[in-house]
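Pasting protein_11.cif here (mmCIF, N, CA and C atoms):
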```cif
data_model
#
loop_
_atom_site.label_atom_id
_atom_site.label_comp_id
_atom_site.auth_asym_id
_atom_site.auth_seq_id
_atom_site.Cartn_x
_atom_site.Cartn_y
_atom_site.Cartn_z
N MET A 7 17.51 -11.21 -22.93
CA MET A 7 17.34 -10.18 -23.93
C MET A 7 18.29 -9.02 -23.65
N SER A 8 18.79 -8.47 -24.70
CA SER A 8 19.70 -7.33 -24.54
C SER A 8 18.90 -6.04 -24.45
N ALA A 9 19.58 -5.00 -24.01
CA ALA A 9 18.91 -3.70 -23.89
C ALA A 9 18.49 -3.18 -25.25
N GLY A 10 19.27 -3.48 -26.28
CA GLY A 10 18.94 -3.02 -27.63
C GLY A 10 17.68 -3.66 -28.16
N SER A 11 17.50 -4.97 -27.91
CA SER A 11 16.30 -5.64 -28.40
C SER A 11 15.06 -5.17 -27.62
N ASN A 12 15.23 -4.90 -26.33
CA ASN A 12 14.11 -4.37 -25.54
C ASN A 12 13.69 -3.00 -26.08
N ARG A 13 14.66 -2.21 -26.46
CA ARG A 13 14.37 -0.88 -26.99
C ARG A 13 13.61 -0.99 -28.31
N ARG A 14 14.04 -1.93 -29.19
CA ARG A 14 13.37 -2.11 -30.48
C ARG A 14 11.93 -2.58 -30.27
N ILE A 15 11.72 -3.47 -29.30
CA ILE A 15 10.37 -3.96 -29.01
C ILE A 15 9.50 -2.80 -28.52
N ALA A 16 10.05 -1.98 -27.64
CA ALA A 16 9.30 -0.83 -27.12
C ALA A 16 8.97 0.15 -28.23
N GLU A 17 9.93 0.42 -29.13
CA GLU A 17 9.68 1.35 -30.24
C GLU A 17 8.62 0.80 -31.18
N ARG A 18 8.68 -0.50 -31.47
CA ARG A 18 7.69 -1.12 -32.35
C ARG A 18 6.30 -1.07 -31.70
N SER A 19 6.24 -1.31 -30.39
CA SER A 19 4.96 -1.25 -29.67
C SER A 19 4.38 0.16 -29.73
N MET A 20 5.23 1.16 -29.58
CA MET A 20 4.76 2.54 -29.65
C MET A 20 4.22 2.86 -31.03
N LEU A 21 4.89 2.38 -32.08
CA LEU A 21 4.40 2.60 -33.43
C LEU A 21 3.05 1.93 -33.64
N GLU A 22 2.88 0.74 -33.08
CA GLU A 22 1.60 0.04 -33.20
C GLU A 22 0.50 0.79 -32.45
N LEU A 23 0.84 1.37 -31.29
CA LEU A 23 -0.14 2.14 -30.53
C LEU A 23 -0.55 3.40 -31.28
N GLU A 24 0.41 4.06 -31.93
CA GLU A 24 0.10 5.25 -32.70
C GLU A 24 -0.82 4.92 -33.86
N ASP A 25 -0.72 3.71 -34.41
CA ASP A 25 -1.55 3.30 -35.53
C ASP A 25 -3.00 3.11 -35.11
N VAL A 26 -3.24 3.01 -33.80
CA VAL A 26 -4.60 2.82 -33.31
C VAL A 26 -5.43 4.09 -33.49
N ASP A 27 -4.80 5.26 -33.46
CA ASP A 27 -5.51 6.52 -33.60
C ASP A 27 -6.19 6.57 -34.97
N LEU A 28 -7.50 6.49 -34.97
CA LEU A 28 -8.29 6.38 -36.19
C LEU A 28 -8.11 7.60 -37.09
N GLN A 29 -8.08 8.78 -36.49
CA GLN A 29 -7.97 9.99 -37.29
C GLN A 29 -6.61 10.07 -38.00
N LYS A 30 -5.53 9.79 -37.28
CA LYS A 30 -4.20 9.83 -37.90
C LYS A 30 -4.10 8.80 -39.02
N ARG A 31 -4.63 7.62 -38.78
CA ARG A 31 -4.58 6.57 -39.79
C ARG A 31 -5.39 6.97 -41.02
N ALA A 32 -6.56 7.58 -40.81
CA ALA A 32 -7.40 8.00 -41.93
C ALA A 32 -6.72 9.08 -42.75
N ILE A 33 -6.08 10.03 -42.09
CA ILE A 33 -5.36 11.10 -42.81
C ILE A 33 -4.22 10.50 -43.61
N ARG A 34 -3.50 9.58 -43.00
CA ARG A 34 -2.36 8.96 -43.68
C ARG A 34 -2.82 8.19 -44.92
N ARG A 35 -3.99 7.56 -44.82
CA ARG A 35 -4.51 6.76 -45.94
C ARG A 35 -5.29 7.60 -46.96
N GLY A 36 -5.51 8.87 -46.64
CA GLY A 36 -6.27 9.72 -47.55
C GLY A 36 -7.76 9.54 -47.45
N GLU A 37 -8.24 9.00 -46.34
CA GLU A 37 -9.68 8.79 -46.12
C GLU A 37 -10.25 10.04 -45.46
N ASN A 38 -10.53 11.03 -46.29
CA ASN A 38 -10.93 12.35 -45.80
C ASN A 38 -12.25 12.33 -45.04
N GLU A 39 -13.21 11.52 -45.47
CA GLU A 39 -14.51 11.48 -44.80
C GLU A 39 -14.38 10.97 -43.36
N ILE A 40 -13.58 9.92 -43.16
CA ILE A 40 -13.37 9.39 -41.81
C ILE A 40 -12.61 10.40 -40.96
N ALA A 41 -11.62 11.05 -41.54
CA ALA A 41 -10.85 12.06 -40.81
C ALA A 41 -11.76 13.20 -40.37
N LYS A 42 -12.70 13.60 -41.23
CA LYS A 42 -13.64 14.68 -40.90
C LYS A 42 -14.58 14.25 -39.78
N GLN A 43 -15.04 12.99 -39.80
CA GLN A 43 -15.97 12.50 -38.79
C GLN A 43 -15.33 12.35 -37.41
N THR A 44 -14.03 12.13 -37.37
CA THR A 44 -13.34 11.94 -36.08
C THR A 44 -12.68 13.21 -35.56
N GLN A 45 -12.84 14.32 -36.27
CA GLN A 45 -12.26 15.59 -35.85
C GLN A 45 -13.08 16.20 -34.71
N ALA A 46 -12.42 16.57 -33.63
CA ALA A 46 -13.11 17.23 -32.51
C ALA A 46 -13.51 18.63 -32.94
N VAL A 47 -14.74 19.01 -32.63
CA VAL A 47 -15.25 20.32 -33.01
C VAL A 47 -15.53 21.11 -31.75
N PRO A 48 -14.90 22.28 -31.60
CA PRO A 48 -15.16 23.08 -30.40
C PRO A 48 -16.59 23.61 -30.41
N GLY A 49 -17.15 23.74 -29.24
CA GLY A 49 -18.50 24.26 -29.14
C GLY A 49 -19.14 23.84 -27.83
N VAL A 50 -20.42 24.06 -27.73
CA VAL A 50 -21.17 23.77 -26.52
C VAL A 50 -22.27 22.79 -26.85
N PHE A 51 -22.41 21.78 -26.02
CA PHE A 51 -23.51 20.83 -26.15
C PHE A 51 -24.57 21.27 -25.16
N ALA A 52 -25.63 21.90 -25.66
CA ALA A 52 -26.63 22.49 -24.78
C ALA A 52 -28.00 21.85 -24.99
N ALA A 53 -28.81 21.95 -23.95
CA ALA A 53 -30.20 21.51 -24.01
C ALA A 53 -31.07 22.70 -23.60
N SER A 54 -32.22 22.84 -24.23
CA SER A 54 -33.07 23.99 -23.96
C SER A 54 -34.03 23.77 -22.78
N ARG A 55 -34.23 22.52 -22.37
CA ARG A 55 -35.13 22.25 -21.25
C ARG A 55 -34.61 21.05 -20.44
N PRO A 56 -35.00 20.97 -19.18
CA PRO A 56 -34.54 19.85 -18.35
C PRO A 56 -34.97 18.50 -18.91
N LEU A 57 -34.09 17.53 -18.75
CA LEU A 57 -34.28 16.15 -19.17
C LEU A 57 -34.40 15.96 -20.68
N GLN A 58 -34.04 16.99 -21.43
CA GLN A 58 -34.00 16.84 -22.89
C GLN A 58 -32.84 15.92 -23.26
N VAL A 59 -31.71 16.10 -22.57
CA VAL A 59 -30.53 15.27 -22.80
C VAL A 59 -29.96 14.88 -21.44
N VAL A 60 -29.77 13.58 -21.25
CA VAL A 60 -29.12 13.07 -20.04
C VAL A 60 -27.87 12.31 -20.47
N GLN A 61 -26.75 12.65 -19.88
CA GLN A 61 -25.49 11.98 -20.20
C GLN A 61 -25.12 11.02 -19.08
N VAL A 62 -24.57 9.87 -19.46
CA VAL A 62 -24.15 8.85 -18.50
C VAL A 62 -22.65 8.70 -18.60
N ASP A 63 -21.99 8.65 -17.45
CA ASP A 63 -20.54 8.50 -17.42
C ASP A 63 -20.15 7.58 -16.27
N HIS A 64 -19.03 6.88 -16.45
CA HIS A 64 -18.50 5.98 -15.43
C HIS A 64 -17.16 6.52 -14.96
N THR A 65 -16.90 6.40 -13.67
CA THR A 65 -15.59 6.78 -13.13
C THR A 65 -15.26 5.89 -11.95
N LYS A 66 -13.98 5.65 -11.77
CA LYS A 66 -13.53 4.88 -10.62
C LYS A 66 -13.46 5.81 -9.42
N ALA A 67 -14.13 5.44 -8.34
CA ALA A 67 -14.17 6.29 -7.15
C ALA A 67 -12.80 6.36 -6.48
N ASP A 68 -12.48 7.51 -5.91
CA ASP A 68 -11.20 7.71 -5.23
C ASP A 68 -11.30 7.26 -3.77
N ILE A 69 -11.67 6.01 -3.59
CA ILE A 69 -11.80 5.43 -2.25
C ILE A 69 -11.56 3.93 -2.36
N PHE A 70 -10.98 3.37 -1.33
CA PHE A 70 -10.75 1.93 -1.31
C PHE A 70 -11.75 1.27 -0.38
N VAL A 71 -12.36 0.19 -0.84
CA VAL A 71 -13.28 -0.60 -0.03
C VAL A 71 -12.46 -1.69 0.65
N VAL A 72 -12.66 -1.87 1.96
CA VAL A 72 -11.92 -2.89 2.70
C VAL A 72 -12.88 -3.91 3.28
N ASP A 73 -12.39 -5.13 3.50
CA ASP A 73 -13.17 -6.20 4.08
C ASP A 73 -13.43 -5.88 5.56
N GLU A 74 -14.66 -6.14 6.02
CA GLU A 74 -15.03 -5.83 7.40
C GLU A 74 -14.20 -6.58 8.42
N GLU A 75 -13.93 -7.85 8.17
CA GLU A 75 -13.25 -8.68 9.17
C GLU A 75 -11.73 -8.60 9.07
N SER A 76 -11.20 -8.77 7.88
CA SER A 76 -9.74 -8.83 7.74
C SER A 76 -9.10 -7.47 7.51
N ARG A 77 -9.89 -6.47 7.19
CA ARG A 77 -9.41 -5.12 6.90
C ARG A 77 -8.46 -5.08 5.69
N GLN A 78 -8.56 -6.10 4.84
CA GLN A 78 -7.78 -6.14 3.61
C GLN A 78 -8.51 -5.36 2.52
N PRO A 79 -7.77 -4.60 1.70
CA PRO A 79 -8.45 -3.84 0.63
C PRO A 79 -9.06 -4.77 -0.41
N ILE A 80 -10.29 -4.48 -0.80
CA ILE A 80 -10.99 -5.25 -1.83
C ILE A 80 -10.77 -4.60 -3.19
N GLY A 81 -10.77 -3.29 -3.22
CA GLY A 81 -10.57 -2.56 -4.48
C GLY A 81 -11.31 -1.24 -4.46
N ARG A 82 -11.31 -0.58 -5.63
CA ARG A 82 -12.00 0.69 -5.78
C ARG A 82 -13.30 0.47 -6.55
N PRO A 83 -14.40 1.03 -6.07
CA PRO A 83 -15.68 0.85 -6.77
C PRO A 83 -15.81 1.76 -7.98
N TRP A 84 -16.71 1.38 -8.89
CA TRP A 84 -17.05 2.19 -10.06
C TRP A 84 -18.32 2.96 -9.75
N LEU A 85 -18.34 4.24 -10.10
CA LEU A 85 -19.51 5.08 -9.93
C LEU A 85 -20.05 5.43 -11.32
N THR A 86 -21.31 5.13 -11.55
CA THR A 86 -21.97 5.48 -12.80
C THR A 86 -22.96 6.60 -12.49
N LEU A 87 -22.84 7.72 -13.20
CA LEU A 87 -23.71 8.87 -12.97
C LEU A 87 -24.50 9.20 -14.22
N ALA A 88 -25.76 9.58 -14.03
CA ALA A 88 -26.59 10.13 -15.10
C ALA A 88 -26.83 11.60 -14.76
N MET A 89 -26.44 12.49 -15.68
CA MET A 89 -26.55 13.93 -15.42
C MET A 89 -27.38 14.61 -16.49
N ASP A 90 -28.28 15.49 -16.04
CA ASP A 90 -29.08 16.30 -16.95
C ASP A 90 -28.20 17.43 -17.49
N VAL A 91 -28.17 17.59 -18.81
CA VAL A 91 -27.30 18.59 -19.42
C VAL A 91 -27.79 20.01 -19.14
N CYS A 92 -29.10 20.23 -19.17
CA CYS A 92 -29.64 21.58 -18.98
C CYS A 92 -29.42 22.09 -17.55
N SER A 93 -29.83 21.31 -16.56
CA SER A 93 -29.75 21.76 -15.17
C SER A 93 -28.45 21.36 -14.47
N ARG A 94 -27.69 20.47 -15.09
CA ARG A 94 -26.45 19.93 -14.52
C ARG A 94 -26.69 19.19 -13.20
N MET A 95 -27.88 18.68 -13.03
CA MET A 95 -28.22 17.91 -11.83
C MET A 95 -27.98 16.43 -12.08
N VAL A 96 -27.56 15.72 -11.04
CA VAL A 96 -27.42 14.28 -11.13
C VAL A 96 -28.82 13.69 -11.00
N THR A 97 -29.24 12.94 -12.01
CA THR A 97 -30.59 12.36 -11.98
C THR A 97 -30.57 10.93 -11.46
N GLY A 98 -29.43 10.27 -11.51
CA GLY A 98 -29.34 8.90 -11.01
C GLY A 98 -27.89 8.48 -10.87
N PHE A 99 -27.67 7.44 -10.08
CA PHE A 99 -26.32 6.91 -9.90
C PHE A 99 -26.39 5.43 -9.61
N TYR A 100 -25.25 4.76 -9.77
CA TYR A 100 -25.12 3.35 -9.42
C TYR A 100 -23.68 3.11 -9.02
N LEU A 101 -23.47 2.48 -7.88
CA LEU A 101 -22.14 2.20 -7.36
C LEU A 101 -21.93 0.70 -7.31
N THR A 102 -20.84 0.22 -7.91
CA THR A 102 -20.58 -1.21 -7.96
C THR A 102 -19.09 -1.49 -7.97
N MET A 103 -18.73 -2.69 -7.60
CA MET A 103 -17.33 -3.11 -7.67
C MET A 103 -16.98 -3.66 -9.05
N ASP A 104 -18.01 -3.95 -9.86
CA ASP A 104 -17.79 -4.49 -11.20
C ASP A 104 -17.46 -3.37 -12.17
N ALA A 105 -16.73 -3.72 -13.22
CA ALA A 105 -16.39 -2.75 -14.27
C ALA A 105 -17.66 -2.28 -14.97
N PRO A 106 -17.63 -1.08 -15.57
CA PRO A 106 -18.81 -0.57 -16.27
C PRO A 106 -19.34 -1.55 -17.30
N SER A 107 -20.66 -1.64 -17.37
CA SER A 107 -21.30 -2.57 -18.29
C SER A 107 -22.69 -2.06 -18.62
N ARG A 108 -23.38 -2.83 -19.46
CA ARG A 108 -24.77 -2.48 -19.77
C ARG A 108 -25.63 -2.55 -18.51
N LEU A 109 -25.32 -3.48 -17.63
CA LEU A 109 -26.09 -3.62 -16.40
C LEU A 109 -25.96 -2.38 -15.52
N SER A 110 -24.75 -1.90 -15.31
CA SER A 110 -24.57 -0.73 -14.46
C SER A 110 -25.21 0.51 -15.08
N THR A 111 -25.14 0.64 -16.40
CA THR A 111 -25.80 1.76 -17.08
C THR A 111 -27.31 1.65 -16.93
N SER A 112 -27.85 0.46 -17.12
CA SER A 112 -29.30 0.25 -17.00
C SER A 112 -29.79 0.54 -15.59
N LEU A 113 -29.05 0.07 -14.58
CA LEU A 113 -29.47 0.31 -13.20
C LEU A 113 -29.35 1.78 -12.83
N CYS A 114 -28.39 2.46 -13.39
CA CYS A 114 -28.26 3.90 -13.18
C CYS A 114 -29.46 4.64 -13.79
N LEU A 115 -29.83 4.26 -15.01
CA LEU A 115 -30.99 4.88 -15.65
C LEU A 115 -32.28 4.55 -14.91
N LEU A 116 -32.36 3.33 -14.38
CA LEU A 116 -33.53 2.94 -13.60
C LEU A 116 -33.65 3.82 -12.35
N HIS A 117 -32.53 4.04 -11.68
CA HIS A 117 -32.53 4.92 -10.51
C HIS A 117 -32.88 6.35 -10.93
N SER A 118 -32.50 6.71 -12.12
CA SER A 118 -32.76 8.05 -12.64
C SER A 118 -34.25 8.31 -12.80
N VAL A 119 -35.00 7.32 -13.22
CA VAL A 119 -36.44 7.54 -13.49
C VAL A 119 -37.34 7.19 -12.30
N PHE A 120 -36.82 6.52 -11.28
CA PHE A 120 -37.64 6.18 -10.12
C PHE A 120 -37.90 7.41 -9.24
N ASP A 121 -38.98 7.36 -8.49
CA ASP A 121 -39.34 8.43 -7.56
C ASP A 121 -38.32 8.47 -6.41
N LYS A 122 -37.85 9.65 -6.10
CA LYS A 122 -36.83 9.79 -5.05
C LYS A 122 -37.38 10.42 -3.78
N SER A 123 -38.69 10.56 -3.67
CA SER A 123 -39.28 11.19 -2.49
C SER A 123 -39.45 10.22 -1.34
N ALA A 124 -39.39 8.93 -1.59
CA ALA A 124 -39.62 7.93 -0.54
C ALA A 124 -38.40 7.72 0.30
#
```
Let me see the structure of the file written as structure tokens.
Amino acid sequence: MSAGSNRRIAERSMLELEDVDLQKRAIRRGENEIAKQTQAVPGVFAASRPLQVVQVDHTKADIFVVDEESRQPIGRPWLTLAMDVCSRMVTGFYLTMDAPSRLSTSLCLLHSVFDKSA
């Protein structure tokens, strides 16, 4: 492949990626209702009492897990956190090597509601 054809492929790929943005596509097509629904609105998401709203988020931990015997890196684990919006306290967590899924969210919520005094 020549450098020119690689450049055209890259430009076409970028155009296809830009088309993924739902809001831009809706505006271009004149779909005002969809554009309005996907518009970010500045403000504060607040709760008036503890545990009124709990948010769950997944993040890849900034640590590498290594094998005990060979000392070869296995990968980075995923951390799933459940946080109370009012108090900003972590109510539950789940750490796994698997990508985020319904299972990791469910186990995080399960940890969130279990007694932590034991």
### Message
Residue by residue, what does the PyMOL selection byres ((chain A and resi 29) around 7) grab here? Present the result as number ranges by chain.
### Response
A: 26-28, 30-34, 40-41, 44-45
Expected file contents, prior selection, N, CA and C atoms, as a PDB file, keeping the file's coordinate frame:
```
ATOM      1  N   VAL A  26      -3.240   3.010 -33.800  1.00  0.00           N
ATOM      2  CA  VAL A  26      -4.600   2.820 -33.310  1.00  0.00           C
ATOM      3  C   VAL A  26      -5.430   4.090 -33.490  1.00  0.00           C
ATOM      4  N   ASP A  27      -4.800   5.260 -33.460  1.00  0.00           N
ATOM      5  CA  ASP A  27      -5.510   6.520 -33.600  1.00  0.00           C
ATOM      6  C   ASP A  27      -6.190   6.570 -34.970  1.00  0.00           C
ATOM      7  N   LEU A  28      -7.500   6.490 -34.970  1.00  0.00           N
ATOM      8  CA  LEU A  28      -8.290   6.380 -36.190  1.00  0.00           C
ATOM      9  C   LEU A  28      -8.110   7.600 -37.090  1.00  0.00           C
ATOM     10  N   LYS A  30      -5.530   9.790 -37.280  1.00  0.00           N
ATOM     11  CA  LYS A  30      -4.200   9.830 -37.900  1.00  0.00           C
ATOM     12  C   LYS A  30      -4.100   8.800 -39.020  1.00  0.00           C
ATOM     13  N   ARG A  31      -4.630   7.620 -38.780  1.00  0.00           N
ATOM     14  CA  ARG A  31      -4.580   6.570 -39.790  1.00  0.00           C
ATOM     15  C   ARG A  31      -5.390   6.970 -41.020  1.00  0.00           C
ATOM     16  N   ALA A  32      -6.560   7.580 -40.810  1.00  0.00           N
ATOM     17  CA  ALA A  32      -7.400   8.000 -41.930  1.00  0.00           C
ATOM     18  C   ALA A  32      -6.720   9.080 -42.750  1.00  0.00           C
ATOM     19  N   ILE A  33      -6.080  10.030 -42.090  1.00  0.00           N
ATOM     20  CA  ILE A  33      -5.360  11.100 -42.810  1.00  0.00           C
ATOM     21  C   ILE A  33      -4.220  10.500 -43.610  1.00  0.00           C
ATOM     22  N   ARG A  34      -3.500   9.580 -43.000  1.00  0.00           N
ATOM     23  CA  ARG A  34      -2.360   8.960 -43.680  1.00  0.00           C
ATOM     24  C   ARG A  34      -2.820   8.190 -44.920  1.00  0.00           C
ATOM     25  N   ILE A  40     -13.580   9.920 -43.160  1.00  0.00           N
ATOM     26  CA  ILE A  40     -13.370   9.390 -41.810  1.00  0.00           C
ATOM     27  C   ILE A  40     -12.610  10.400 -40.960  1.00  0.00           C
ATOM     28  N   ALA A  41     -11.620  11.050 -41.540  1.00  0.00           N
ATOM     29  CA  ALA A  41     -10.850  12.060 -40.810  1.00  0.00           C
ATOM     30  C   ALA A  41     -11.760  13.200 -40.370  1.00  0.00           C
ATOM     31  N   THR A  44     -14.030  12.130 -37.370  1.00  0.00           N
ATOM     32  CA  THR A  44     -13.340  11.940 -36.080  1.00  0.00           C
ATOM     33  C   THR A  44     -12.680  13.210 -35.560  1.00  0.00           C
ATOM     34  N   GLN A  45     -12.840  14.320 -36.270  1.00  0.00           N
ATOM     35  CA  GLN A  45     -12.260  15.590 -35.850  1.00  0.00           C
ATOM     36  C   GLN A  45     -13.080  16.200 -34.710  1.00  0.00           C
TER      37      GLN A  45
END
```
### Query
CA of Leu113 in chain A and CA of Tyr100 in chain A are how many Å apart?
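Value for the CA of Leu113 in chain A-CA of Tyr100 in chain A distance: 6.5 Å.
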### Query
atom N of Ala52 in chain A and CA of Val91 in chain A are how many Å apart?
7.3 Å
### Message
Calculated over all atoms listed in the file, which of the candidates A:Phe99, A:Val50, A:Arg108, A:Phe120 has the smallest distance to Leu87 in chain A?
### Response
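Result for the nearest residue to Leu87 in chain A: A:Phe99.
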### Query
What is the atom N of Thr97 in chain A-CA of Ser118 in chain A distance in Å, reported with one decimal?
6.1 Å
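Residues of chain A assigned to strand (DSSP E or B) by DSSP on this structure's backbone: Val60, Gln61, Val62, Asp63, His64, Thr65, Lys66, Val71, Val72, Pro79, Ile80, Gly81, Trp84, Leu85, Thr86, Leu87, Ala88, Met89, Asp90, Val96, Thr97, Gly98, Phe99, Tyr100, Leu101 and Thr102 of chain A.
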### Task
May I ask which of the residues A:Met103, A:Met89, A:Met95, A:Lys42 is the closest one to Val71 in chain A, counting only C-alpha atoms?
A:Met103
### Task
Just the residues within 10 Å of His64 in chain A, please, counting only C-alpha atoms, with nothing from its chain fewer than 2 positions along; format it as a list in words.
Val62, Lys66, Ala67, Trp84, Leu85, Thr86, Leu87, Ala88, Phe99, Tyr100, Leu101, Ala105, Pro106, Ser107, Ser110 and Thr111 of chain A
### Task
Step by step, work through what the PyMOL selection byres ((chain A and resi 69) around 6) selects in the shown file, and finish by giving those residues as a list in words.
Ala67, Asp68, Phe70, Val71, Gly81, Arg82 and Pro83 of chain A
Create the file for the chosen residues now, containing N, CA and C atoms and written as a PDB file, in the coordinates of the input.
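Ended up saving to out11.pdb:
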```pdb
ATOM      1  N   ALA A  67     -14.130   5.440  -8.340  1.00  0.00           N
ATOM      2  CA  ALA A  67     -14.170   6.290  -7.150  1.00  0.00           C
ATOM      3  C   ALA A  67     -12.800   6.360  -6.480  1.00  0.00           C
ATOM      4  N   ASP A  68     -12.480   7.510  -5.910  1.00  0.00           N
ATOM      5  CA  ASP A  68     -11.200   7.710  -5.230  1.00  0.00           C
ATOM      6  C   ASP A  68     -11.300   7.260  -3.770  1.00  0.00           C
ATOM      7  N   PHE A  70     -10.980   3.370  -1.330  1.00  0.00           N
ATOM      8  CA  PHE A  70     -10.750   1.930  -1.310  1.00  0.00           C
ATOM      9  C   PHE A  70     -11.750   1.270  -0.380  1.00  0.00           C
ATOM     10  N   VAL A  71     -12.360   0.190  -0.840  1.00  0.00           N
ATOM     11  CA  VAL A  71     -13.280  -0.600  -0.030  1.00  0.00           C
ATOM     12  C   VAL A  71     -12.460  -1.690   0.650  1.00  0.00           C
ATOM     13  N   GLY A  81     -10.770  -3.290  -3.220  1.00  0.00           N
ATOM     14  CA  GLY A  81     -10.570  -2.560  -4.480  1.00  0.00           C
ATOM     15  C   GLY A  81     -11.310  -1.240  -4.460  1.00  0.00           C
ATOM     16  N   ARG A  82     -11.310  -0.580  -5.630  1.00  0.00           N
ATOM     17  CA  ARG A  82     -12.000   0.690  -5.780  1.00  0.00           C
ATOM     18  C   ARG A  82     -13.300   0.470  -6.550  1.00  0.00           C
ATOM     19  N   PRO A  83     -14.400   1.030  -6.070  1.00  0.00           N
ATOM     20  CA  PRO A  83     -15.680   0.850  -6.770  1.00  0.00           C
ATOM     21  C   PRO A  83     -15.810   1.760  -7.980  1.00  0.00           C
TER      22      PRO A  83
END
```
### Residue nearest Ser54 in chain A - candidates A:Cys92, A:Leu109, A:Leu115, A:Gly98, atoms counted: all atoms listed in the file
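Looking at the shortest contact to Ser54 in chain A, the residue is A:Cys92.
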With 6 Å on each side, where is the centre of the axis-aligned box around all listed atoms of range 98-107 of chain A, and how long are its edges in Å to one decimal, as AutoDock Vina command-line options?
```
--center_x -22.9 --center_y 2.9 --center_z -13.0 --size_x 25.0 --size_y 26.8 --size_z 23.3
```
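When only N, CA and C atoms are used to compute distances to Ala53 in chain A, the closest of the residues A:Ser112, A:Asp90, A:Val119, A:Arg13 turns out to be A:Asp90.
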